[in-house]
Structure formats: C-alpha cells, structure tokens
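Have a look at run26.txt; it's compact mmCIF, C-alpha atoms:
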# COMPACT_ATOMS: atom_id res chain seq x y z
CA MET A 1 118.86 77.16 76.12
CA SER A 2 117.71 78.75 79.37
CA HIS A 3 119.55 81.71 80.85
CA THR A 4 117.30 81.99 83.88
CA SER A 5 118.82 83.19 87.14
CA GLN A 6 117.18 83.00 90.55
CA LEU A 7 117.44 84.51 94.02
CA LEU A 8 115.70 83.40 97.22
CA LEU A 9 114.01 86.56 98.50
CA SER A 10 114.52 85.79 102.18
CA ASP A 11 113.24 89.26 103.06
CA TRP A 12 109.74 88.45 101.73
CA GLY A 13 106.80 86.74 103.42
CA VAL A 14 103.28 85.51 102.68
CA ILE A 15 99.88 86.29 104.23
CA ARG A 16 97.02 83.81 103.79
CA ALA A 17 93.40 84.98 103.60
CA GLN A 18 91.07 81.98 103.83
CA GLY A 19 87.29 81.69 103.89
CA ALA A 20 84.17 82.29 101.83
CA ASP A 21 84.60 86.08 102.16
CA ALA A 22 88.39 86.24 101.57
CA ALA A 23 88.15 87.94 98.16
CA THR A 24 85.41 90.40 99.13
CA PHE A 25 87.17 91.28 102.37
CA LEU A 26 90.45 92.08 100.60
CA HIS A 27 88.49 93.91 97.89
CA GLY A 28 87.24 96.32 100.57
CA GLN A 29 90.68 96.91 102.07
CA LEU A 30 93.19 97.05 99.21
CA THR A 31 93.67 99.35 96.21
CA GLN A 32 92.98 96.64 93.62
CA ASP A 33 89.95 94.63 92.54
CA PHE A 34 89.98 91.22 94.25
CA ALA A 35 86.28 90.46 93.73
CA LEU A 36 86.92 89.82 90.02
CA LEU A 37 90.31 88.15 90.46
CA ASP A 38 90.61 85.10 88.19
CA ARG A 39 93.04 82.19 88.38
CA GLU A 40 95.24 83.33 85.48
CA HIS A 41 96.35 86.66 86.95
CA ALA A 42 97.78 88.11 90.11
CA ARG A 43 97.07 91.59 91.47
CA LEU A 44 99.54 94.26 92.47
CA ALA A 45 97.89 96.01 95.42
CA GLY A 46 98.48 98.49 98.21
CA PHE A 47 97.12 98.82 101.74
CA CYS A 48 96.59 102.45 102.71
CA THR A 49 95.83 104.55 105.76
CA ALA A 50 92.65 106.63 105.81
CA LYS A 51 94.82 109.47 104.46
CA GLY A 52 95.79 107.43 101.40
CA ARG A 53 99.36 106.70 102.53
CA LEU A 54 100.73 103.28 101.70
CA LEU A 55 101.35 101.00 104.67
CA ALA A 56 102.33 98.09 102.43
CA THR A 57 102.52 96.94 98.82
CA MET A 58 101.97 93.32 97.77
CA VAL A 59 101.09 90.79 95.08
CA GLY A 60 97.93 88.72 95.58
CA TRP A 61 96.50 85.67 93.77
CA ARG A 62 93.92 82.92 94.19
CA GLN A 63 95.55 79.83 95.64
CA GLY A 64 92.19 78.03 95.91
CA ASP A 65 88.47 78.73 95.67
CA ASP A 66 88.34 80.31 99.13
CA GLU A 67 92.02 81.13 99.58
CA ILE A 68 94.03 84.15 98.52
CA LEU A 69 97.76 84.53 99.20
CA LEU A 70 99.57 87.86 99.44
CA ALA A 71 103.35 88.07 99.00
CA LEU A 72 105.06 91.19 100.39
CA PRO A 73 108.29 92.43 101.97
CA ALA A 74 108.58 90.79 105.39
CA GLU A 75 109.40 94.04 107.18
CA THR A 76 105.83 95.27 106.59
CA LEU A 77 104.08 91.92 107.05
CA ALA A 78 103.41 91.80 110.80
CA ALA A 79 101.94 95.30 110.99
CA THR A 80 99.86 94.70 107.85
CA LEU A 81 98.49 91.42 109.20
CA LYS A 82 97.63 93.02 112.53
CA ARG A 83 95.89 96.02 110.96
CA LEU A 84 93.97 93.99 108.38
CA SER A 85 92.81 91.63 111.12
CA MET A 86 91.20 94.57 112.95
CA PHE A 87 88.75 94.99 110.05
CA VAL A 88 87.67 91.36 109.55
CA LEU A 89 84.80 91.64 112.08
CA ARG A 90 82.05 89.24 110.98
CA ALA A 91 83.49 88.46 107.55
CA LYS A 92 84.14 84.77 106.87
CA CYS A 93 87.85 85.32 106.42
CA LYS A 94 90.77 84.12 108.52
CA LEU A 95 94.10 85.89 108.11
CA SER A 96 97.40 84.25 109.04
CA ASP A 97 101.14 84.49 108.47
CA ALA A 98 101.99 81.68 106.04
CA SER A 99 105.62 82.71 105.50
CA ALA A 100 107.02 79.48 106.99
CA GLU A 101 105.12 77.44 104.38
CA PHE A 102 106.44 79.22 101.30
CA ALA A 103 109.67 80.36 99.69
CA VAL A 104 109.62 83.47 97.48
CA TYR A 105 112.12 83.66 94.62
CA GLY A 106 113.02 86.43 92.20
CA LEU A 107 113.62 85.16 88.66
CA MET A 108 115.32 86.87 85.73
CA GLY A 109 115.66 85.71 82.16
CA VAL A 110 112.25 84.03 82.02
CA PRO A 111 110.09 84.19 78.87
CA ALA A 112 108.42 87.57 78.48
CA ALA A 113 104.76 87.84 79.52
CA ASP A 114 102.36 90.63 80.39
CA ALA A 115 102.88 91.91 83.92
CA TRP A 116 100.81 90.12 86.59
CA THR A 117 100.17 87.06 84.41
CA LEU A 118 100.08 83.96 86.61
CA GLN A 119 101.46 80.52 85.77
CA ARG A 120 100.75 77.52 88.00
CA ASP A 121 103.05 74.60 88.68
CA GLY A 122 101.37 72.36 91.25
CA GLN A 123 101.36 74.36 94.51
CA ALA A 124 103.85 76.85 93.08
CA VAL A 125 102.94 80.00 91.15
CA GLN A 126 105.00 82.30 88.96
CA VAL A 127 103.93 85.93 88.56
CA SER A 128 105.31 88.03 85.70
CA LEU A 129 106.64 91.41 86.84
CA PRO A 130 107.21 94.70 85.00
CA GLY A 131 110.65 94.72 83.39
CA ALA A 132 112.24 92.40 80.86
CA GLY A 133 111.95 88.72 81.76
CA ARG A 134 111.31 89.19 85.48
CA ALA A 135 109.03 87.13 87.72
CA LEU A 136 108.26 86.19 91.29
CA ARG A 137 107.99 82.47 92.02
CA ILE A 138 106.25 81.43 95.23
CA GLN A 139 106.52 77.74 96.05
CA PRO A 140 106.29 75.39 99.03
CA ALA A 141 109.21 75.98 101.39
CA ASP A 142 110.38 72.36 101.14
CA ALA A 143 110.40 72.28 97.30
CA PRO A 144 113.75 72.30 95.46
CA ALA A 145 115.00 75.72 94.36
CA PRO A 146 113.96 76.64 90.81
CA ALA A 147 116.45 75.98 88.03
CA GLY A 148 118.83 78.75 87.15
CA ALA A 149 122.15 80.35 87.97
CA PRO A 150 122.46 82.18 91.30
CA LEU A 151 121.39 85.81 91.20
CA SER A 152 122.74 88.37 93.66
CA ALA A 153 120.47 90.56 95.80
CA ASP A 154 122.13 93.64 94.31
CA ASP A 155 121.44 92.46 90.76
CA TRP A 156 117.78 91.93 91.66
CA ALA A 157 117.51 95.37 93.30
CA PHE A 158 119.17 96.95 90.23
CA ALA A 159 116.60 95.26 87.96
CA GLU A 160 113.74 96.49 90.17
CA ALA A 161 114.99 100.07 89.92
CA GLU A 162 115.59 99.68 86.18
CA ALA A 163 111.94 98.60 85.83
CA GLY A 164 110.84 101.78 87.65
CA MET A 165 109.32 99.74 90.44
CA ALA A 166 109.57 100.06 94.22
CA TRP A 167 107.94 98.23 97.13
CA VAL A 168 107.04 99.87 100.42
CA ARG A 169 109.68 98.91 102.97
CA GLY A 170 109.98 99.59 106.69
CA ALA A 171 111.74 102.90 106.05
CA THR A 172 109.03 104.13 103.66
CA VAL A 173 105.81 103.10 105.47
CA GLU A 174 103.29 105.97 105.10
CA ALA A 175 105.71 107.93 102.89
CA PHE A 176 103.72 107.65 99.66
CA VAL A 177 100.29 108.00 98.16
CA PRO A 178 100.16 105.20 95.52
CA GLN A 179 100.70 107.54 92.56
CA MET A 180 103.90 108.89 94.13
CA ILE A 181 105.57 105.57 93.28
CA ASN A 182 103.73 105.25 89.93
CA PHE A 183 101.67 102.46 91.44
CA GLU A 184 98.62 103.09 89.30
CA VAL A 185 100.73 103.06 86.11
CA LEU A 186 102.14 99.66 87.08
CA GLY A 187 98.64 98.22 87.62
CA GLY A 188 98.31 98.54 91.39
CA VAL A 189 95.14 100.68 91.64
CA SER A 190 91.62 100.15 90.36
CA PHE A 191 89.60 103.34 89.98
CA LYS A 192 86.43 101.42 89.15
CA LYS A 193 85.98 99.55 92.42
CA GLY A 194 84.26 100.67 95.58
CA CYS A 195 85.64 102.11 98.78
CA TYR A 196 88.77 101.07 100.62
CA PRO A 197 90.79 102.96 103.24
CA GLY A 198 92.22 106.11 101.64
CA GLN A 199 90.22 105.73 98.42
CA GLU A 200 89.00 109.35 98.34
CA ILE A 201 92.54 110.71 98.65
CA VAL A 202 93.87 108.34 95.98
CA ALA A 203 91.04 109.26 93.60
CA ARG A 204 91.51 112.98 94.25
CA SER A 205 95.23 112.69 93.45
CA GLN A 206 94.29 111.04 90.17
CA TYR A 207 91.57 113.35 88.92
CA ARG A 208 92.29 116.81 90.33
CA GLY A 209 95.75 117.23 88.89
CA THR A 210 97.25 117.81 92.33
CA LEU A 211 100.12 115.30 92.13
CA LYS A 212 103.45 117.07 92.60
CA ARG A 213 105.68 114.04 93.25
CA ARG A 214 106.48 110.92 91.22
CA LEU A 215 108.88 108.01 91.21
CA GLN A 216 111.82 108.58 88.88
CA VAL A 217 114.92 106.53 88.07
CA PHE A 218 118.40 107.97 88.55
CA GLU A 219 121.97 106.85 88.09
CA ALA A 220 124.03 107.51 91.21
CA ALA A 221 127.74 107.86 91.86
CA SER A 222 127.49 105.76 95.03
CA PRO A 223 125.10 103.22 96.60
CA ALA A 224 121.89 104.49 98.20
CA THR A 225 119.70 103.13 100.98
CA VAL A 226 115.89 102.95 101.09
CA GLY A 227 114.55 105.91 103.06
CA GLN A 228 117.61 108.09 102.36
CA GLU A 229 116.67 111.70 101.67
CA ILE A 230 117.45 113.51 98.42
CA PHE A 231 118.23 117.23 98.19
CA HIS A 232 118.15 119.78 95.40
CA SER A 233 121.20 121.97 94.80
CA ALA A 234 119.11 125.14 95.20
CA ASP A 235 117.40 124.09 98.45
CA PRO A 236 119.85 122.45 100.89
CA GLU A 237 117.46 122.73 103.86
CA GLN A 238 114.41 120.88 102.56
CA PRO A 239 114.45 117.32 101.15
CA ALA A 240 113.23 117.08 97.56
CA GLY A 241 112.58 113.35 97.68
CA VAL A 242 113.36 109.96 99.19
CA VAL A 243 115.01 106.77 97.94
CA ALA A 244 112.42 104.01 97.42
CA GLY A 245 114.78 101.37 96.00
CA SER A 246 118.36 101.01 94.78
CA GLY A 247 120.80 98.42 93.48
CA SER A 248 124.23 98.15 91.86
CA ARG A 249 125.44 96.02 88.95
CA GLY A 250 128.61 96.10 86.88
CA GLY A 251 129.89 99.24 88.57
CA ARG A 252 126.61 101.13 88.06
CA THR A 253 124.07 102.14 90.71
CA LEU A 254 120.43 102.83 89.90
CA VAL A 255 118.08 104.57 92.31
CA ALA A 256 114.28 104.57 92.15
CA ALA A 257 113.24 107.66 94.11
CA GLU A 258 110.06 109.56 94.83
CA ILE A 259 110.88 113.14 93.91
CA LYS A 260 109.26 116.57 93.63
CA LEU A 261 108.49 117.08 89.93
CA ALA A 262 109.56 120.73 90.23
CA ALA A 263 113.02 119.56 91.32
CA LEU A 264 113.57 117.99 87.89
CA GLU A 265 113.23 121.30 86.06
CA GLY A 266 116.70 122.66 86.81
CA GLY A 267 119.70 122.43 89.09
CA SER A 268 120.89 119.05 90.34
CA LEU A 269 119.80 116.38 92.81
CA HIS A 270 122.03 114.78 95.44
CA LEU A 271 121.96 111.91 97.92
CA GLY A 272 121.93 112.73 101.61
CA SER A 273 122.63 116.47 101.30
CA ALA A 274 122.89 119.17 98.66
CA SER A 275 126.63 118.44 98.48
CA GLY A 276 126.22 114.64 98.41
CA PRO A 277 126.67 112.25 95.46
CA ARG A 278 124.90 113.49 92.35
CA LEU A 279 121.84 111.79 90.89
CA ASP A 280 121.42 111.86 87.11
CA PRO A 281 117.89 111.24 85.76
CA ARG A 282 117.28 108.26 83.49
CA PRO A 283 114.19 107.66 81.34
CA LEU A 284 111.42 105.59 82.89
CA PRO A 285 110.68 102.34 81.03
CA TYR A 286 106.99 103.27 80.84
CA GLU A 287 104.96 106.38 80.12
CA ILE A 288 103.33 108.51 82.81
CA PRO A 289 99.92 109.63 81.54
CA PRO A 290 99.24 113.38 81.73
CA GLN A 291 97.21 114.54 84.71
CA GLU A 292 93.57 115.07 83.88

As structure tokens:
Amino acid sequence: MSHTSQLLLSDWGVIRAQGADAATFLHGQLTQDFALLDREHARLAGFCTAKGRLLATMVGWRQGDDEILLALPAETLAATLKRLSMFVLRAKCKLSDASAEFAVYGLMGVPAADAWTLQRDGQAVQVSLPGAGRALRIQPADAPAPAGAPLSADDWAFAEAEAGMAWVRGATVEAFVPQMINFEVLGGVSFKKGCYPGQEIVARSQYRGTLKRRLQVFEAASPATVGQEIFHSADPEQPAGVVAGSGSRGGRTLVAAEIKLAALEGGSLHLGSASGPRLDPRPLPYEIPPQE
C-alpha cells in the first residue's frame, strides 16, 4: 500500500540547455561533472561567482542526447539564465526558460533510493533526494498530478530542513560558498573536474582547513524566514549566521542555518536578535568529514 504524498512546487522552474555542446558547456560553468553525466543519475550542482559564492543551486539531468534540463527555485532562475547565457559564446548550446513546459513536484513516502538516482517515466523523471523517501518529480505541465495524498508546503520545507539540505533562494544569493551549506557532502561538488567560476576558492575552502561556517539543523520556538539573521547570546551586535531554510510540522519548527562553527561551542543562538527565539541544535542526518 502506497503512502506517497505530493506537492506541486510552484516556486520552482526549469532551464533547458540544448545542443551538441550542452553537457560540456555546463561542465565548465557548474560545480558538478556534467561531461560524464549518464542517463540513470541526476546531478546536484551550484553556479558560483568568481569569488566562489553561490548564485544558484539546482538539479540537472539528461533529457535527451543533446539536451540537459536544470530544475531550480524560480526566484533565482532568470538571473541564472541571463548570466549563464553570457558565457555561451561559440558553444553549440542554446539556453532557454522551459518552466511553462514542466511541473515540478515534491514527493514523500517513495521507495528509498540513493540520492540523485534518476527514474524515467516517459517524459517525466523522478530524482531521489537526501532524506528518507524524498524525491523530485519533473513532468510535462499538462500531465496529471502524480498519485498521492496532498502534502503541505510547510511539511515539505520541514522535511528539507530535517534532511540538512537547503537551496539558494533570492534572500541568500551570494551568501554561501558551497561548503557553507554542506553542498559537497550532499554530492553537489566535484573536486576532480576542471575549472568553473569560483573553482579555486571552493577548492581552497576544501583543502586548506579554512572553513569556519557550516549548515546546521536547529529546532526553533517560532517560525523562521530564509535570509533571517541569527545571533549569539555573547555577541548581540554581529550576526553569527543566517537561515537557509525552515519549515513547521506538528507544532515543531526546524531551521537549516549556515552558522559560525565557533558559535556552537557555548552560549546560545537566537533568531533575529540575541534576545529572539532560541535555536536548539539537532544532529545532522549525515557526517561532516574532518577538514584536511
């Protein structure tokens, strides 16, 4: 008996990259390896500034031999499409906004699979996400909604935070180097591929032991908003972190926040100000490898 639930993610969109050079072009712009992308997996990827700051985060997969689709939060889509298009130059790759052609759904309660595994169903694809039984389903806009009970946006956001995962949103554009939201742990960065914008900064953060901020999960006494600042009880003047994602379910609120690691060593953390609602740390559902 299926206990799947589904939510239309109306705040997501899709970019199409089409042409003989689509994979190699994206390979040179994003944090993940698209040159070796097969048809059975998707890629979590980021698009960075030259300083290694994330402008957008997305999931990409091969839709056809010369076609790659990228699903991402709609609030970062237009700027991402415009900036990527500046770098196409003579590459045989055409970029376009394909959001009107597709509907993006969040699914919960699906059979467990390794993160970023791809299942195909005609023109639809289903991408397994980190976290128990979670997936994205991207299908033609005119196709019937997938089977399953309705899922609320807050339930979905709660599950995202519970999985220790956050997407770059409008309020957090350029706020993070990939590792600050544990992006490399979740499979969003390849350290074996060649150059892409910000690659030197991302590699330096990985190998020089200089990372002082990480995404952590907290339980909060009240709802939080993406981009909201977090303060430490001992330093009311200077933010210690920022909310990257949050959701509530069954009277509980979880917050995924990028935070100074030093701020976890004592005192307390609070939303909005040093006297705001308290944040209580919760274990991450995955291990952070020690810095080399």

Legend entry - Pick from A:Glu229, A:Asp11, A:Asp66, A:Glu258 nearest to Leu37 in chain A, counting all atoms listed in the file: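 So, comparing all the options, the nearest one is A:Asp66.
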
Report as a PDB file with C-alpha atoms, in the frame of the given file all protein, DNA and RNA residues lying within 8 Å of Ala45 in chain A, evaluated on all atoms listed in the file, omitting residues in the same chain fewer than 5 positions from it.
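Dumped to around34.pdb:
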ATOM      1  CA  LEU A  30      93.190  97.050  99.210  1.00  0.00           C
ATOM      2  CA  THR A  31      93.670  99.350  96.210  1.00  0.00           C
ATOM      3  CA  GLN A  32      92.980  96.640  93.620  1.00  0.00           C
ATOM      4  CA  THR A  57     102.520  96.940  98.820  1.00  0.00           C
ATOM      5  CA  MET A  58     101.970  93.320  97.770  1.00  0.00           C
ATOM      6  CA  VAL A  59     101.090  90.790  95.080  1.00  0.00           C
ATOM      7  CA  GLY A  60      97.930  88.720  95.580  1.00  0.00           C
ATOM      8  CA  GLY A 188      98.310  98.540  91.390  1.00  0.00           C
ATOM      9  CA  VAL A 189      95.140 100.680  91.640  1.00  0.00           C
TER      10      VAL A 189
END

For range 172-176 of chain A, find every residue with an atom within 9 Å (counting all atoms listed in the file), except residues of its own chain fewer than 4 positions away, and show them as a PDB file with C-alpha atoms, in the coordinates of the input.
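After the write, part.pdb holds the following:
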ATOM      1  CA  CYS A  48      96.590 102.450 102.710  1.00  0.00           C
ATOM      2  CA  THR A  49      95.830 104.550 105.760  1.00  0.00           C
ATOM      3  CA  GLY A  52      95.790 107.430 101.400  1.00  0.00           C
ATOM      4  CA  ARG A  53      99.360 106.700 102.530  1.00  0.00           C
ATOM      5  CA  LEU A  54     100.730 103.280 101.700  1.00  0.00           C
ATOM      6  CA  LEU A  55     101.350 101.000 104.670  1.00  0.00           C
ATOM      7  CA  ALA A  56     102.330  98.090 102.430  1.00  0.00           C
ATOM      8  CA  THR A  76     105.830  95.270 106.590  1.00  0.00           C
ATOM      9  CA  TRP A 167     107.940  98.230  97.130  1.00  0.00           C
ATOM     10  CA  VAL A 168     107.040  99.870 100.420  1.00  0.00           C
ATOM     11  CA  MET A 180     103.900 108.890  94.130  1.00  0.00           C
ATOM     12  CA  ILE A 181     105.570 105.570  93.280  1.00  0.00           C
ATOM     13  CA  VAL A 226     115.890 102.950 101.090  1.00  0.00           C
ATOM     14  CA  GLY A 227     114.550 105.910 103.060  1.00  0.00           C
ATOM     15  CA  VAL A 242     113.360 109.960  99.190  1.00  0.00           C
ATOM     16  CA  VAL A 243     115.010 106.770  97.940  1.00  0.00           C
ATOM     17  CA  ALA A 244     112.420 104.010  97.420  1.00  0.00           C
ATOM     18  CA  GLU A 258     110.060 109.560  94.830  1.00  0.00           C
TER      19      GLU A 258
END

Legend entry - Nearby residues (all atoms listed in the file) at most 12 Å from Gly251 in chain A, same-chain spacing under 5 positions excluded, as JSON, numbers by chain: {"A": [154, 155, 158, 219, 220, 221, 222, 223]}

Selection above as a file: C-alpha atoms, as a JSON list (two decimals), in the coordinates of the input:
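For reference, result.json as written:
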[["chain", "number", "residue", "atom", "x", "y", "z"],
["A", 154, "ASP", "CA", 122.13, 93.64, 94.31],
["A", 155, "ASP", "CA", 121.44, 92.46, 90.76],
["A", 158, "PHE", "CA", 119.17, 96.95, 90.23],
["A", 219, "GLU", "CA", 121.97, 106.85, 88.09],
["A", 220, "ALA", "CA", 124.03, 107.51, 91.21],
["A", 221, "ALA", "CA", 127.74, 107.86, 91.86],
["A", 222, "SER", "CA", 127.49, 105.76, 95.03],
["A", 223, "PRO", "CA", 125.10, 103.22, 96.60]]

Inset, instruction - For Ala240 in chain A, please output as a PyMOL selection string all residues within 12 Å (counting all atoms listed in the file; exclusion window: fewer than 2 positions along the same chain). - result: chain A and resi 212-215+228-238+242-243+257-264+267-274
